[in-house]
Amino acid sequence: MVAVARRLLERDGPDGVSMRRIAAELNLRAPSLYEHVADKRALENAMISQAFYEQGDATRSALDAAVAADGDRLGAIGQAFRTYALEHPHLYRLMTQRLDRAALDPGAELHAGQPLRDAVGGDLVEARVLWAFAHGLIMLELNDRFPPGTDPDELWEVGLAALRR
């Protein structure tokens, strides 16, 4: 059910996800879904949890590669974070706009943030500032809010350089 819900979300956006459509994709009647999940919100929470694990894996891989190459750790994490969000815009919005921490899989959000915390030596405040920077730029990019002629790549580069200082 989660895989079908996610496929519908990624393909059709949030309005494309309904219990009726999920059931139809699974060749079930919609009431049958409620034997497995409480409601659509529970499916959203499952998708969000899954996404946090995926995002954490992507940023961990990027950090590990940067460390191995003695490269730019923050740049690598930022690029992985941005790439994940841009490849999954509806899911990213769901993760950040419909987050219900109490309903997440235990450890999912912690897993997603651990690579960034590791990159800054465990400094939670610094990690949150970097996350806020990344999230802000991502939302501006996803919502096409940059003025004409703005280069998002340049904003990332200049912004990360400023934060490193």
# chains A, B, ... in the order shown; residues from 1 in each chain; ligands from 1
call {"tool": "residues_around", "arguments": {"residues": "Ala85 in chain A", "least_positions_apart": "2", "cutoff": "12 Å", "atoms": "only C-alpha atoms", "output": "number ranges by chain"}}
result
A: 10, 51-52, 54-55, 58-59, 78-83, 87-96, 134-143
call {"tool": "write_last_selection", "arguments": {"atoms": "N, CA and C atoms", "output": "compact mmCIF listing (two decimals), in the first residue's frame"}}
result
# COMPACT_ATOMS: atom_id res chain seq x y z
N GLU A 10 4.10 10.56 -6.30
CA GLU A 10 5.18 11.01 -7.17
C GLU A 10 4.66 11.32 -8.58
N ALA A 51 10.87 7.94 3.46
CA ALA A 51 11.64 8.99 2.80
C ALA A 51 12.79 9.47 3.69
N PHE A 52 12.56 9.59 4.99
CA PHE A 52 13.63 9.99 5.89
C PHE A 52 14.78 8.98 5.87
N GLU A 54 15.54 6.99 3.33
CA GLU A 54 16.19 7.14 2.03
C GLU A 54 17.08 8.38 1.99
N GLN A 55 16.56 9.49 2.48
CA GLN A 55 17.32 10.73 2.49
C GLN A 55 18.58 10.58 3.35
N ALA A 58 21.11 8.57 1.43
CA ALA A 58 21.72 9.36 0.35
C ALA A 58 22.76 10.33 0.89
N THR A 59 22.43 11.01 1.98
CA THR A 59 23.39 11.97 2.53
C THR A 59 24.56 11.25 3.21
N GLY A 78 24.93 18.73 1.02
CA GLY A 78 23.98 19.67 0.43
C GLY A 78 23.49 19.21 -0.93
N GLN A 79 24.41 18.74 -1.75
CA GLN A 79 24.04 18.28 -3.09
C GLN A 79 23.14 17.04 -3.01
N ALA A 80 23.47 16.13 -2.13
CA ALA A 80 22.64 14.92 -1.98
C ALA A 80 21.25 15.27 -1.46
N PHE A 81 21.19 16.18 -0.51
CA PHE A 81 19.91 16.62 0.06
C PHE A 81 19.07 17.29 -1.02
N ARG A 82 19.70 18.19 -1.76
CA ARG A 82 19.00 18.91 -2.83
C ARG A 82 18.54 17.95 -3.92
N THR A 83 19.41 17.06 -4.33
CA THR A 83 19.06 16.10 -5.38
C THR A 83 17.86 15.26 -4.96
N GLU A 87 14.31 15.40 -6.94
CA GLU A 87 13.84 14.18 -7.59
C GLU A 87 12.49 13.71 -7.03
N HIS A 88 12.17 14.15 -5.82
CA HIS A 88 10.93 13.72 -5.14
C HIS A 88 10.21 14.94 -4.56
N PRO A 89 9.81 15.90 -5.40
CA PRO A 89 9.27 17.15 -4.87
C PRO A 89 8.01 17.00 -4.03
N HIS A 90 7.09 16.16 -4.45
CA HIS A 90 5.86 15.98 -3.68
C HIS A 90 6.15 15.29 -2.34
N LEU A 91 7.03 14.34 -2.38
CA LEU A 91 7.41 13.63 -1.16
C LEU A 91 8.15 14.57 -0.21
N TYR A 92 9.05 15.39 -0.76
CA TYR A 92 9.78 16.34 0.09
C TYR A 92 8.82 17.31 0.77
N ARG A 93 7.86 17.79 0.03
CA ARG A 93 6.86 18.68 0.64
C ARG A 93 6.08 17.95 1.73
N LEU A 94 5.72 16.73 1.46
CA LEU A 94 5.01 15.94 2.46
C LEU A 94 5.86 15.80 3.72
N MET A 95 7.15 15.52 3.54
CA MET A 95 8.07 15.35 4.68
C MET A 95 8.18 16.61 5.52
N THR A 96 8.13 17.75 4.88
CA THR A 96 8.39 19.00 5.59
C THR A 96 7.13 19.77 5.95
N ALA A 134 19.48 24.89 3.64
CA ALA A 134 19.20 23.96 2.55
C ALA A 134 17.70 23.88 2.27
N HIS A 135 16.92 23.77 3.31
CA HIS A 135 15.46 23.65 3.14
C HIS A 135 14.90 24.92 2.49
N GLY A 136 15.37 26.08 2.92
CA GLY A 136 14.89 27.32 2.34
C GLY A 136 15.17 27.41 0.85
N LEU A 137 16.40 27.11 0.47
CA LEU A 137 16.73 27.15 -0.96
C LEU A 137 15.94 26.11 -1.75
N ILE A 138 15.79 24.93 -1.18
CA ILE A 138 15.03 23.88 -1.87
C ILE A 138 13.59 24.31 -2.09
N MET A 139 12.96 24.87 -1.07
CA MET A 139 11.56 25.28 -1.22
C MET A 139 11.42 26.40 -2.25
N LEU A 140 12.37 27.34 -2.24
CA LEU A 140 12.33 28.39 -3.26
C LEU A 140 12.47 27.79 -4.66
N GLU A 141 13.35 26.82 -4.78
CA GLU A 141 13.55 26.18 -6.08
C GLU A 141 12.33 25.35 -6.48
N LEU A 142 11.79 24.57 -5.57
CA LEU A 142 10.61 23.75 -5.89
C LEU A 142 9.40 24.61 -6.26
N ASN A 143 9.28 25.75 -5.62
CA ASN A 143 8.13 26.63 -5.85
C ASN A 143 8.40 27.67 -6.94
call {"tool": "atom_distance", "arguments": {"atom1": "CA of Ile22 in chain A", "atom2": "CA of Arg7 in chain A"}}
result
9.6 Å
call {"tool": "residues_around", "arguments": {"residues": "Ser61 in chain A", "least_positions_apart": "4", "cutoff": "12 Å", "atoms": "only C-alpha atoms", "output": "short mmCIF file (atom, residue, chain, number, x, y, z; two decimals) with C-alpha atoms, in the first residue's frame"}}
result
data_model
loop_
_atom_site.label_atom_id
_atom_site.label_comp_id
_atom_site.auth_asym_id
_atom_site.auth_seq_id
_atom_site.Cartn_x
_atom_site.Cartn_y
_atom_site.Cartn_z
CA GLU A 54 16.19 7.14 2.03
CA GLN A 55 17.32 10.73 2.49
CA GLY A 56 19.60 9.69 5.34
CA ASP A 57 21.11 6.93 3.22
CA ALA A 65 32.47 9.61 -0.35
CA ALA A 66 33.56 13.14 0.55
CA VAL A 67 35.46 11.90 3.61
CA ALA A 68 37.18 9.17 1.57
CA ARG A 73 31.65 17.39 3.25
CA ALA A 76 28.44 16.77 -0.75
CA ILE A 77 25.65 16.56 1.82
CA GLN A 79 24.04 18.28 -3.09
CA ALA A 80 22.64 14.92 -1.98
CA PHE A 81 19.91 16.62 0.06
CA ALA A 112 18.00 11.43 8.11
CA GLN A 114 22.75 12.00 11.40
CA PRO A 115 25.08 12.55 8.42
CA LEU A 116 24.72 16.33 8.73
#
call {"tool": "residues_around", "arguments": {"residues": "Ala103 in chain A", "least_positions_apart": "3", "cutoff": "8 Å", "atoms": "only C-alpha atoms", "output": "ChimeraX atom specification"}}
result
/A:42,45,100
call {"tool": "residues_around", "arguments": {"residues": "Arg164 in chain A", "least_positions_apart": "3", "cutoff": "10 Å", "atoms": "only C-alpha atoms", "output": "CSV table (one decimal) with N, CA, C and O atoms, in the first residue's frame"}}
result
chain,number,residue,atom,x,y,z
A,74,LEU,N,30.3,19.4,3.5
A,74,LEU,CA,29.0,20.1,3.5
A,74,LEU,C,28.4,20.2,2.1
A,74,LEU,O,27.2,20.1,1.8
A,130,LEU,N,22.3,24.8,9.1
A,130,LEU,CA,22.6,24.3,7.7
A,130,LEU,C,21.4,23.7,7.1
A,130,LEU,O,21.1,23.8,5.9
A,158,VAL,N,27.6,29.9,-3.0
A,158,VAL,CA,27.9,31.1,-2.2
A,158,VAL,C,27.4,30.9,-0.8
A,158,VAL,O,28.0,31.3,0.2
A,159,GLY,N,26.2,30.4,-0.7
A,159,GLY,CA,25.6,30.2,0.7
A,159,GLY,C,26.4,29.2,1.5
A,159,GLY,O,26.7,29.5,2.7
A,160,LEU,N,26.8,28.1,0.9
A,160,LEU,CA,27.7,27.2,1.7
A,160,LEU,C,29.0,27.8,2.1
A,160,LEU,O,29.5,27.6,3.2
A,161,ALA,N,29.6,28.5,1.2
A,161,ALA,CA,30.9,29.2,1.5
A,161,ALA,C,30.7,30.2,2.6
A,161,ALA,O,31.5,30.2,3.5
call {"tool": "closest_residue", "arguments": {"among": "A:Ala119, A:Gln97, A:Tyr84, A:Leu104", "to": "Gly71 in chain A", "atoms": "only C-alpha atoms"}}
result
A:Ala119
call {"tool": "closest_residue", "arguments": {"among": "A:Pro147, A:Gly113, A:Pro14, A:Pro31", "to": "Glu44 in chain A", "atoms": "only C-alpha atoms"}}
result
A:Pro14
call {"tool": "closest_residue", "arguments": {"among": "A:Asp105, A:Asp118, A:Asp123, A:Glu157", "to": "Gln50 in chain A", "atoms": "only C-alpha atoms"}}
result
A:Asp105
call {"tool": "closest_residue", "arguments": {"among": "A:Trp156, A:Trp131, A:Tyr34, A:Phe146", "to": "Arg20 in chain A", "atoms": "only C-alpha atoms"}}
result
A:Tyr34
call {"tool": "residues_around", "arguments": {"residues": "Arg117 in chain A", "least_positions_apart": "6", "cutoff": "9 Å", "atoms": "only C-alpha atoms", "output": "NGL selection string"}}
result
:A and (123-124 or 126-128)
call {"tool": "closest_residue", "arguments": {"among": "A:Ala3, A:Thr150, A:Leu155, A:Val120", "to": "Asp72 in chain A", "atoms": "only C-alpha atoms"}}
result
A:Val120
call {"tool": "select_by_dssp", "arguments": {"residues": "chain A", "states": "alpha helix (DSSP H)", "output": "ChimeraX atom specification"}}
result
/A:2-12,19-25,30-33,40-68,73-87,89-97,108-119,124-142,152-164
call {"tool": "atom_distance", "arguments": {"atom1": "CA of Arg6 in chain A", "atom2": "CA of Arg29 in chain A"}}
result
18.6 Å
call {"tool": "residues_around", "arguments": {"residues": "Ser32 in chain A", "least_positions_apart": "6", "cutoff": "12 Å", "atoms": "only C-alpha atoms", "output": "PyMOL selection string"}}
result
chain A and resi 1+19-20+22-24+26+38-39
call {"tool": "write_last_selection", "arguments": {"atoms": "C-alpha atoms", "output": "compact mmCIF listing (two decimals), in the first residue's frame"}}
result
# COMPACT_ATOMS: atom_id res chain seq x y z
CA MET A 1 0.00 0.00 0.00
CA MET A 19 -7.72 5.50 -0.46
CA ARG A 20 -10.06 4.75 -3.37
CA ILE A 22 -4.83 3.07 -3.83
CA ALA A 23 -7.41 0.31 -3.49
CA ALA A 24 -8.09 0.35 -7.24
CA LEU A 26 -4.27 -3.02 -5.64
CA ALA A 38 -6.05 3.53 10.15
CA ASP A 39 -6.42 6.16 7.44
call {"tool": "atom_distance", "arguments": {"atom1": "CA of Asp153 in chain A", "atom2": "CA of His111 in chain A"}}
result
26.4 Å
